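> Please find my_file29.tsv (TSV, C-alpha atoms and all ligand atoms) on the next line:
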chain	number	residue	atom	x	y	z
A	1	MET	CA	35.05	-47.01	112.00
A	2	LYS	CA	37.62	-46.94	114.82
A	3	VAL	CA	40.30	-49.67	114.93
A	4	ALA	CA	42.85	-50.04	117.72
A	5	VAL	CA	46.29	-51.65	117.42
A	6	LEU	CA	48.65	-52.99	120.10
A	7	THR	CA	52.06	-54.65	120.30
A	8	GLY	CA	52.61	-57.21	123.10
A	9	GLY	CA	55.42	-59.45	124.41
A	10	GLY	CA	59.10	-58.95	123.60
A	11	ASP	CA	59.71	-56.34	120.91
A	12	CYS	CA	61.22	-57.34	117.60
A	13	PRO	CA	62.50	-55.69	114.43
A	14	GLY	CA	59.61	-54.99	112.04
A	15	LEU	CA	56.93	-53.94	114.55
A	16	ASN	CA	57.01	-50.34	113.30
A	17	ALA	CA	56.83	-51.56	109.70
A	18	VAL	CA	53.56	-53.41	110.51
A	19	ILE	CA	52.10	-50.42	112.35
A	20	ARG	CA	52.92	-48.14	109.39
A	21	ALA	CA	51.39	-50.62	106.91
A	22	ILE	CA	48.20	-50.98	108.97
A	23	VAL	CA	47.77	-47.20	109.22
A	24	ARG	CA	48.41	-46.67	105.49
A	25	ARG	CA	45.91	-49.36	104.47
A	26	ALA	CA	43.44	-48.09	107.10
A	27	SER	CA	43.37	-44.67	105.47
A	28	GLU	CA	42.30	-46.34	102.20
A	29	HIS	CA	39.49	-48.15	104.05
A	30	GLY	CA	38.51	-44.92	105.83
A	31	PHE	CA	39.27	-46.35	109.31
A	32	GLU	CA	40.26	-44.12	112.21
A	33	MET	CA	43.32	-45.70	113.87
A	34	MET	CA	44.13	-45.72	117.55
A	35	GLY	CA	47.43	-46.89	119.07
A	36	LEU	CA	47.19	-48.68	122.44
A	37	ARG	CA	50.20	-48.12	124.68
A	38	ASP	CA	52.19	-51.07	126.07
A	39	GLY	CA	50.20	-54.06	124.84
A	40	TRP	CA	46.96	-55.14	126.58
A	41	LYS	CA	47.84	-52.63	129.31
A	42	GLY	CA	46.74	-49.85	126.93
A	43	LEU	CA	43.16	-51.19	127.10
A	44	LEU	CA	43.26	-51.92	130.85
A	45	ASP	CA	44.48	-48.38	131.59
A	46	ASP	CA	42.62	-46.69	128.72
A	47	ASN	CA	45.95	-45.34	127.51
A	48	HIS	CA	46.08	-44.61	123.78
A	49	PHE	CA	46.70	-42.04	121.09
A	50	ARG	CA	45.62	-41.36	117.54
A	51	LEU	CA	47.68	-42.93	114.78
A	52	THR	CA	47.84	-41.02	111.51
A	53	ARG	CA	49.84	-41.15	108.32
A	54	GLU	CA	51.93	-38.29	109.70
A	55	THR	CA	52.68	-39.89	113.09
A	56	THR	CA	53.66	-43.17	111.44
A	57	SER	CA	55.80	-41.82	108.64
A	58	GLY	CA	59.55	-42.47	108.72
A	59	ILE	CA	59.25	-45.49	111.04
A	60	LEU	CA	59.50	-48.34	108.49
A	61	HIS	CA	63.17	-49.03	109.17
A	62	ARG	CA	63.18	-48.29	112.89
A	63	GLY	CA	63.61	-51.02	115.53
A	64	GLY	CA	61.36	-51.33	118.60
A	65	THR	CA	57.72	-50.24	118.63
A	66	ILE	CA	56.34	-46.71	118.74
A	67	LEU	CA	53.40	-48.12	120.75
A	68	GLY	CA	55.54	-49.57	123.55
A	69	THR	CA	55.04	-53.14	124.74
A	70	SER	CA	54.55	-55.17	127.92
A	71	ARG	CA	53.85	-58.71	129.05
A	72	VAL	CA	50.79	-57.72	131.10
A	73	ASN	CA	48.22	-60.50	130.95
A	74	PRO	CA	44.65	-59.13	130.98
A	75	PHE	CA	43.36	-62.46	132.28
A	76	LYS	CA	45.59	-62.29	135.34
A	77	VAL	CA	44.54	-58.75	136.29
A	78	GLU	CA	41.51	-58.28	138.55
A	79	ASN	CA	38.42	-57.67	136.37
A	80	GLY	CA	40.82	-57.59	133.39
A	81	LEU	CA	38.35	-58.79	130.79
A	82	GLU	CA	35.63	-56.41	132.05
A	83	ARG	CA	38.07	-53.49	131.97
A	84	VAL	CA	39.08	-54.34	128.41
A	85	LYS	CA	35.44	-54.63	127.32
A	86	ARG	CA	34.56	-51.31	128.99
A	87	ALA	CA	37.50	-49.51	127.30
A	88	ILE	CA	36.46	-50.90	123.92
A	89	GLU	CA	32.87	-49.76	124.43
A	90	ARG	CA	33.75	-46.35	125.91
A	91	ASN	CA	36.07	-45.51	123.02
A	92	GLY	CA	33.81	-46.93	120.31
A	93	ILE	CA	36.48	-49.35	119.11
A	94	HIS	CA	35.14	-51.60	116.37
A	95	ALA	CA	38.09	-54.03	116.31
A	96	VAL	CA	41.52	-54.61	117.82
A	97	ILE	CA	44.60	-55.69	115.83
A	98	ALA	CA	46.95	-57.50	118.25
A	99	ILE	CA	50.56	-57.87	117.10
A	100	GLY	CA	52.36	-60.43	119.24
A	101	GLY	CA	53.86	-63.83	119.84
A	102	GLU	CA	52.21	-66.95	121.23
A	103	GLY	CA	51.48	-65.27	124.59
A	104	THR	CA	49.86	-62.10	123.24
A	105	LEU	CA	47.93	-64.09	120.65
A	106	SER	CA	46.76	-66.64	123.28
A	107	ALA	CA	45.21	-63.71	125.11
A	108	ALA	CA	43.78	-62.56	121.75
A	109	THR	CA	42.29	-66.03	121.19
A	110	ARG	CA	40.53	-65.90	124.57
A	111	MET	CA	39.30	-62.34	123.94
A	112	SER	CA	37.90	-63.44	120.62
A	113	GLN	CA	36.17	-66.43	122.28
A	114	GLU	CA	34.63	-63.85	124.65
A	115	GLY	CA	33.04	-62.19	121.61
A	116	LEU	CA	35.50	-59.36	120.95
A	117	ARG	CA	36.46	-58.53	117.35
A	118	ILE	CA	40.19	-59.33	117.19
A	119	VAL	CA	42.65	-59.78	114.33
A	120	GLY	CA	46.18	-61.06	115.05
A	121	VAL	CA	49.58	-60.42	113.47
A	122	PRO	CA	52.38	-62.92	114.26
A	123	LYS	CA	55.66	-61.43	115.49
A	124	THR	CA	58.62	-62.88	117.35
A	125	ILE	CA	62.31	-63.38	116.81
A	126	ASP	CA	61.81	-66.92	118.17
A	127	ASN	CA	59.69	-68.03	115.14
A	128	ASP	CA	57.77	-70.36	117.49
A	129	LEU	CA	54.22	-69.49	116.39
A	130	ASN	CA	52.21	-72.26	114.84
A	131	GLY	CA	50.08	-71.52	111.77
A	132	THR	CA	52.61	-69.38	109.91
A	133	ASP	CA	55.74	-70.48	108.05
A	134	PHE	CA	57.66	-67.53	109.49
A	135	THR	CA	57.16	-64.63	111.86
A	136	PHE	CA	58.81	-61.29	111.15
A	137	GLY	CA	61.79	-60.42	113.35
A	138	PHE	CA	63.24	-63.91	112.97
A	139	ASP	CA	65.21	-63.13	109.81
A	140	THR	CA	66.83	-60.09	111.43
A	141	ALA	CA	67.76	-62.05	114.58
A	142	VAL	CA	69.27	-64.84	112.44
A	143	HIS	CA	71.34	-62.31	110.46
A	144	ILE	CA	72.72	-60.79	113.66
A	145	ALA	CA	73.47	-64.19	115.21
A	146	THR	CA	75.08	-65.46	111.99
A	147	GLU	CA	77.35	-62.44	111.80
A	148	ALA	CA	78.33	-63.06	115.42
A	149	VAL	CA	79.15	-66.72	114.72
A	150	ASP	CA	81.26	-65.66	111.70
A	151	ARG	CA	83.18	-63.19	113.84
A	152	LEU	CA	83.67	-65.71	116.66
A	153	HIS	CA	85.11	-68.17	114.15
A	154	SER	CA	88.10	-66.02	113.23
A	155	THR	CA	89.09	-65.26	116.82
A	156	ALA	CA	88.48	-68.87	117.96
A	157	GLU	CA	90.73	-70.11	115.15
A	158	SER	CA	93.56	-67.65	115.90
A	159	HIS	CA	93.62	-68.63	119.58
A	160	LYS	CA	92.76	-72.33	119.15
A	161	ARG	CA	89.83	-71.98	121.52
A	162	VAL	CA	86.31	-73.26	121.89
A	163	ILE	CA	83.80	-70.40	121.85
A	164	VAL	CA	80.23	-70.90	123.05
A	165	CYS	CA	77.69	-68.46	121.60
A	166	GLU	CA	74.41	-68.17	123.56
A	167	VAL	CA	71.47	-67.03	121.44
A	168	MET	CA	67.81	-66.37	122.28
A	169	GLY	CA	65.06	-68.95	122.00
A	170	ARG	CA	62.96	-69.58	125.07
A	171	HIS	CA	61.05	-72.66	123.98
A	172	VAL	CA	62.51	-73.45	120.57
A	173	GLY	CA	65.83	-73.51	118.75
A	174	TRP	CA	65.00	-71.85	115.42
A	175	ILE	CA	67.55	-69.01	115.82
A	176	ALA	CA	70.24	-71.42	117.06
A	177	THR	CA	69.61	-73.89	114.22
A	178	TYR	CA	69.50	-71.29	111.43
A	179	ALA	CA	72.47	-69.24	112.70
A	180	GLY	CA	74.36	-72.44	113.50
A	181	ILE	CA	73.89	-73.85	109.99
A	182	ALA	CA	74.55	-70.49	108.31
A	183	GLY	CA	77.62	-69.78	110.44
A	184	GLY	CA	79.02	-73.32	110.24
A	185	ALA	CA	78.83	-74.08	113.98
A	186	ASP	CA	80.38	-77.34	115.17
A	187	VAL	CA	77.72	-78.05	117.79
A	188	ILE	CA	74.15	-76.66	118.06
A	189	LEU	CA	72.19	-77.08	121.29
A	190	VAL	CA	68.43	-76.41	121.27
A	191	PRO	CA	65.49	-76.54	123.73
A	192	GLU	CA	63.90	-79.37	121.72
A	193	ILE	CA	66.73	-81.78	122.69
A	194	PRO	CA	68.21	-81.79	126.22
A	195	ALA	CA	71.98	-81.24	126.02
A	196	ASP	CA	74.27	-84.18	126.72
A	197	LEU	CA	77.43	-82.30	127.75
A	198	GLU	CA	79.59	-85.41	127.89
A	199	ALA	CA	78.73	-86.17	124.25
A	200	VAL	CA	79.54	-82.54	123.33
A	201	ALA	CA	82.91	-82.77	125.10
A	202	GLN	CA	83.77	-86.06	123.38
A	203	HIS	CA	82.83	-84.61	120.01
A	204	LEU	CA	85.12	-81.62	120.55
A	205	VAL	CA	87.97	-83.90	121.62
A	206	ARG	CA	87.49	-85.95	118.41
A	207	ARG	CA	87.50	-82.76	116.32
A	208	ASN	CA	90.70	-81.67	117.98
A	209	ALA	CA	92.34	-85.05	117.42
A	210	GLY	CA	91.41	-84.68	113.74
A	211	GLY	CA	93.43	-81.47	113.58
A	212	ARG	CA	90.63	-78.94	114.01
A	213	THR	CA	92.00	-76.94	116.89
A	214	PHE	CA	89.04	-74.62	117.43
A	215	SER	CA	85.28	-75.10	117.70
A	216	ILE	CA	82.11	-73.02	117.81
A	217	VAL	CA	79.17	-74.15	119.93
A	218	VAL	CA	75.82	-72.36	119.50
A	219	VAL	CA	73.38	-72.82	122.39
A	220	ALA	CA	69.81	-71.51	122.67
A	221	GLU	CA	69.09	-69.96	126.07
A	222	GLY	CA	66.17	-72.35	126.70
A	223	THR	CA	68.28	-75.52	126.28
A	224	ARG	CA	67.95	-77.88	129.25
A	225	ILE	CA	71.20	-79.34	130.51
A	226	LYS	CA	72.06	-82.32	132.65
A	227	LEU	CA	75.27	-81.94	134.62
A	228	SER	CA	75.51	-85.43	136.08
A	229	ALA	CA	73.80	-88.81	135.87
A	230	GLU	CA	72.06	-88.13	139.22
A	231	GLN	CA	70.63	-84.78	138.18
A	232	ASN	CA	67.54	-84.06	136.10
A	233	GLU	CA	67.72	-81.91	132.99
A	234	GLN	CA	67.27	-78.30	133.98
A	235	LEU	CA	66.72	-74.85	132.53
A	236	VAL	CA	69.29	-72.21	133.42
A	237	THR	CA	67.63	-69.09	134.83
A	238	THR	CA	68.86	-65.90	136.43
A	239	GLY	CA	66.70	-66.55	139.50
A	240	ALA	CA	64.51	-63.52	138.74
A	241	LEU	CA	61.01	-63.55	137.21
A	242	ASP	CA	59.81	-61.53	134.22
A	243	GLU	CA	56.72	-59.30	134.10
A	244	ALA	CA	54.52	-62.31	133.28
A	245	GLY	CA	55.91	-64.24	136.27
A	246	ARG	CA	58.05	-66.62	134.22
A	247	PRO	CA	61.67	-67.41	135.15
A	248	ARG	CA	64.10	-65.13	133.31
A	249	LEU	CA	66.41	-67.26	131.20
A	250	GLY	CA	70.12	-66.70	130.65
A	251	GLY	CA	73.42	-68.22	131.67
A	252	VAL	CA	73.32	-71.61	129.95
A	253	GLY	CA	76.27	-70.53	127.75
A	254	ASN	CA	78.48	-69.97	130.81
A	255	ILE	CA	77.68	-73.39	132.22
A	256	VAL	CA	78.20	-75.14	128.87
A	257	ALA	CA	81.56	-73.33	128.43
A	258	ALA	CA	82.74	-74.20	131.95
A	259	GLU	CA	81.74	-77.86	131.50
A	260	ILE	CA	83.52	-78.08	128.12
A	261	GLU	CA	86.71	-76.64	129.62
A	262	ARG	CA	86.53	-78.95	132.65
A	263	ARG	CA	85.88	-82.09	130.58
A	264	THR	CA	88.28	-81.40	127.66
A	265	GLY	CA	90.94	-79.08	129.04
A	266	PHE	CA	90.44	-76.82	125.96
A	267	GLU	CA	90.52	-73.10	126.63
A	268	THR	CA	86.91	-71.95	126.25
A	269	ARG	CA	85.16	-68.57	126.07
A	270	VAL	CA	81.52	-67.56	125.98
A	271	SER	CA	79.67	-64.81	124.15
A	272	VAL	CA	76.04	-64.03	125.10
A	273	LEU	CA	74.24	-62.14	122.30
A	274	GLY	CA	71.11	-61.29	124.32
A	275	HIS	CA	68.99	-58.32	123.28
A	276	ILE	CA	71.35	-57.30	120.47
A	277	GLN	CA	69.37	-59.91	118.49
A	278	ARG	CA	66.11	-58.05	119.09
A	279	GLY	CA	67.16	-54.41	118.75
A	280	GLY	CA	67.74	-52.15	115.78
A	281	ALA	CA	66.65	-52.07	112.18
A	282	PRO	CA	64.82	-54.97	110.51
A	283	THR	CA	66.28	-56.70	107.42
A	284	ALA	CA	64.65	-55.99	104.05
A	285	HIS	CA	62.99	-59.44	104.29
A	286	ASP	CA	61.38	-58.60	107.64
A	287	ARG	CA	60.28	-55.15	106.41
A	288	VAL	CA	58.51	-56.74	103.44
A	289	LEU	CA	56.93	-59.55	105.50
A	290	ALA	CA	55.79	-57.11	108.19
A	291	THR	CA	54.32	-54.77	105.56
A	292	ARG	CA	52.42	-57.62	103.87
A	293	PHE	CA	51.07	-58.82	107.26
A	294	GLY	CA	49.96	-55.27	108.15
A	295	VAL	CA	48.09	-54.68	104.89
A	296	HIS	CA	46.44	-58.13	105.13
A	297	ALA	CA	45.42	-57.61	108.78
A	298	CYS	CA	43.72	-54.33	107.88
A	299	ASP	CA	41.88	-56.02	105.01
A	300	MET	CA	40.76	-58.75	107.45
A	301	VAL	CA	39.14	-56.07	109.60
A	302	ALA	CA	37.44	-54.62	106.50
A	303	ARG	CA	36.12	-58.10	105.58
A	304	GLY	CA	34.99	-58.82	109.14
A	305	GLU	CA	37.40	-61.78	109.39
A	306	PHE	CA	37.82	-61.89	113.17
A	307	GLY	CA	39.36	-64.50	115.47
A	308	LYS	CA	42.11	-65.03	112.88
A	309	MET	CA	45.65	-63.83	112.24
A	310	ALA	CA	47.59	-62.94	109.11
A	311	ALA	CA	49.96	-65.79	108.28
A	312	LEU	CA	52.58	-66.78	105.72
A	313	ARG	CA	51.99	-70.00	103.76
A	314	GLY	CA	54.63	-70.54	101.11
A	315	ASN	CA	54.79	-67.08	99.62
A	316	GLU	CA	51.11	-66.30	100.16
A	317	ILE	CA	49.68	-64.25	103.00
A	318	VAL	CA	46.58	-66.03	104.30
A	319	SER	CA	44.21	-65.83	107.28
A	320	GLU	CA	44.70	-68.50	109.96
A	321	GLU	CA	42.47	-69.25	112.96
A	322	LEU	CA	44.00	-67.77	116.15
A	323	ALA	CA	43.00	-70.91	118.07
A	324	GLU	CA	45.02	-73.03	115.62
A	325	ALA	CA	48.00	-70.67	115.72
A	326	THR	CA	48.18	-70.83	119.53
A	327	ARG	CA	47.25	-74.53	119.93
A	328	GLU	CA	50.90	-75.55	120.27
A	329	LEU	CA	54.37	-74.11	119.69
A	330	LYS	CA	56.15	-74.56	116.38
A	331	ARG	CA	59.30	-76.47	117.28
A	332	VAL	CA	62.27	-77.25	115.03
A	333	PRO	CA	61.32	-80.58	113.41
A	334	GLU	CA	63.70	-83.50	113.89
A	335	GLU	CA	64.20	-83.81	110.11
A	336	PHE	CA	65.30	-80.18	109.89
A	337	PHE	CA	67.71	-80.54	112.80
A	338	LYS	CA	69.24	-83.61	111.17
A	339	VAL	CA	70.52	-81.34	108.39
A	340	ALA	CA	72.47	-79.37	110.99
A	341	GLN	CA	73.75	-82.62	112.55
A	342	VAL	CA	75.43	-83.64	109.28
A	343	PHE	CA	78.05	-81.00	110.04
A	344	PHE	CA	78.63	-81.93	113.70
A	345	GLY	CA	80.84	-84.85	112.75
B	1	LIG	N1	47.68	-68.86	127.46
B	1	LIG	C1	47.59	-67.53	127.63
B	1	LIG	N2	46.38	-66.93	127.71
B	1	LIG	C2	46.29	-65.61	127.87
B	1	LIG	N3	47.35	-64.79	127.97
B	1	LIG	C3	48.58	-65.32	127.90
B	1	LIG	C4	48.77	-66.71	127.72
B	1	LIG	N4	50.10	-66.94	127.66
B	1	LIG	C5	50.71	-65.76	127.81
B	1	LIG	N5	49.80	-64.78	127.95
B	1	LIG	C6	50.10	-63.37	128.16
B	1	LIG	O1	50.44	-62.70	126.93
B	1	LIG	C7	51.42	-61.69	127.19
B	1	LIG	C8	52.62	-61.78	126.30
B	1	LIG	O2	53.18	-63.08	126.31
B	1	LIG	P1	54.72	-63.32	126.06
B	1	LIG	O3	55.50	-62.57	127.06
B	1	LIG	O4	54.93	-64.79	125.91
B	1	LIG	O5	54.98	-62.57	124.69
B	1	LIG	P2	54.67	-63.04	123.24
B	1	LIG	O6	53.56	-62.26	122.73
B	1	LIG	O7	54.52	-64.53	123.20
B	1	LIG	O8	55.99	-62.61	122.51
B	1	LIG	P3	57.46	-63.23	122.74
B	1	LIG	O9	57.33	-64.55	123.39
B	1	LIG	O10	58.00	-63.30	121.37
B	1	LIG	O11	58.17	-62.25	123.56
B	1	LIG	C9	51.78	-61.85	128.65
B	1	LIG	O12	51.00	-60.95	129.33
B	1	LIG	C10	51.36	-63.24	128.98
B	1	LIG	O13	51.06	-63.36	130.35
B	2	LIG	O1	64.39	-60.18	128.37
B	2	LIG	P1	62.96	-60.21	127.99
B	2	LIG	O2	62.52	-58.99	127.26
B	2	LIG	O3	62.06	-60.56	129.12
B	2	LIG	O4	62.77	-61.34	126.89
B	2	LIG	C1	63.51	-62.47	126.73
B	2	LIG	C2	62.71	-63.45	125.90
B	2	LIG	O5	62.04	-62.84	124.82
B	2	LIG	C3	62.39	-63.46	123.61
B	2	LIG	O6	63.39	-62.69	123.00
B	2	LIG	C4	61.21	-63.58	122.68
B	2	LIG	O7	60.75	-62.35	122.35
B	2	LIG	C5	62.91	-64.84	124.01
B	2	LIG	O8	63.77	-65.41	123.08
B	2	LIG	C6	63.56	-64.52	125.33
B	2	LIG	O9	63.54	-65.63	126.20
B	3	MG	MG	56.04	-65.77	124.19
Please express what this file holds, its structure, as structure tokens.


Amino acid sequence: MKVAVLTGGGDCPGLNAVIRAIVRRASEHGFEMMGLRDGWKGLLDDNHFRLTRETTSGILHRGGTILGTSRVNPFKVENGLERVKRAIERNGIHAVIAIGGEGTLSAATRMSQEGLRIVGVPKTIDNDLNGTDFTFGFDTAVHIATEAVDRLHSTAESHKRVIVCEVMGRHVGWIATYAGIAGGADVILVPEIPADLEAVAQHLVRRNAGGRTFSIVVVAEGTRIKLSAEQNEQLVTTGALDEAGRPRLGGVGNIVAAEIERRTGFETRVSVLGHIQRGGAPTAHDRVLATRFGVHACDMVARGEFGKMAALRGNEIVSEELAEATRELKRVPEEFFKVAQVFFG
């Protein structure tokens, strides 16, 4: 039986660990494995290669994805679905394992509703996928961001400055909240709550008056800000679009830093972590989670459990409906964020 695997959306640490686990389990099931290049594009362009134990050995700890990735949406390409179906038929592919975030798995949900045999694996540093307690990649990103916040603390303290650290998180503030709590940030700004910059400035002034002469502000790139009473809350974008046609985010940290300096008079700096959070080796936690997801996904194919994705519930790996996983984003709950807010005062 031939099974194809693809990685779609932004890359994240642990993708190679999943691919390796799928291929290793597949050899026990007697599956022939095929790697699709660059996400759904690999099916549209019929671009793939054979995955074997040999070609996937030594990749467990490596960042990125040996399959390549893209944000190409098969439903936005002319005759996309037909081209995908033809490639599956022509190559005798029994099932496709799609490793991706909410975008890739939304496409997987639609493919599965069209009758294709699809199994999903949840990945993303953003941790915004519904239906799973955690995605792999998130733990690594949080470790990197936490180390950055720790390092910013010592220099902010020496110079008596405010330092704004911009982290990733397009729709949700999981990385900002975790790294902010773990790194002891003084303010955390997330996409779930539009930022009130005047309140932030006043808070920093109060901190300063209380003798704390430096502050760390963590802001997720997707946080909406309101600069004046007349203006609406807005996302900060670079002006360019990404491959999927969405505005490219980035720059909110600079605006927050400039506003803090203008409103408080405190010397302020900004540090944008960007893709450093997504590159390089996965943590041990992400390697284990990715490996468990990969083995489970392969077993799902063997059991004929299609239209579902591997998911983490507590410490169990379970199968979750793709439609449920992509129904809505998993945002940081208010109760969780309130824990972080205890330390803002
Ligand atoms: N509702 C949808 N239905 C079908 N395809 C979608 C949908 N939403 C997004 N996609 C497509 O899925 C692909 C990947 O989406 P996206 O760029 O959001 O990555 P992702 O898999 O969500 O990972 P991440 O957001 O972590 O980078 C893109 O081609 C995107 O156009
Ligand atoms: O720069 P890229 O690769 O388009 O991706 C940026 C986006 O991808 C993510 O890292 C998710 O994978 C988001 O946090 C971020 O908005
Ligand atoms: Mg996405």

> How would you write, as a list of chain:residue names, the set of residues no farther than 8 Å from ligand MG 3 (chain B) when counting all atoms listed in the file?

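Based on all atoms listed in the file, ligand MG 3 (chain B) is surrounded within 8 Å by A:Gly9, A:Gly10, A:Gly101, A:Glu102, A:Gly103, A:Thr104, A:Thr124, A:Arg170.
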
> Would you kindly return, as a list in words, each protein, DNA or RNA residue with an atom no farther than 7 Å from any atom of Gly250 (chain A), considering all atoms listed in the file and excluding same-chain residues fewer than 3 positions away?

Glu221, Val236, Thr237 and Thr238 of chain A

> Can you spit out the residues from that selection as a CSV table (one decimal), in the frame of the given file, using C-alpha atoms?


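Resulting contents of result-v3.csv:
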chain,number,residue,atom,x,y,z
A,221,GLU,CA,69.1,-70.0,126.1
A,236,VAL,CA,69.3,-72.2,133.4
A,237,THR,CA,67.6,-69.1,134.8
A,238,THR,CA,68.9,-65.9,136.4

> Under the rule that all atoms listed in the file are counted, which of A:Ser112, A:Thr52, A:Thr326, A:Asn208 is the nearest residue to ligand LIG 1 (chain B)?

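Looking only at the distances to ligand LIG 1 (chain B), the closest residue turns out to be A:Thr326.
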
> When distances are computed from all atoms listed in the file, which of A:Glu243, A:Asp150, A:Asp299, A:Glu335 shows the smallest separation from ligand LIG 2 (chain B)?

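Of all the options, A:Glu243 lies closest to ligand LIG 2 (chain B).
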
> Measuring between only C-alpha atoms and all ligand atoms, which one of A:Val205, A:Ile93, A:Val164, A:Val72 shows the shortest distance to ligand LIG 2 (chain B)?

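For ligand LIG 2 (chain B), the nearest of the candidates is A:Val72.
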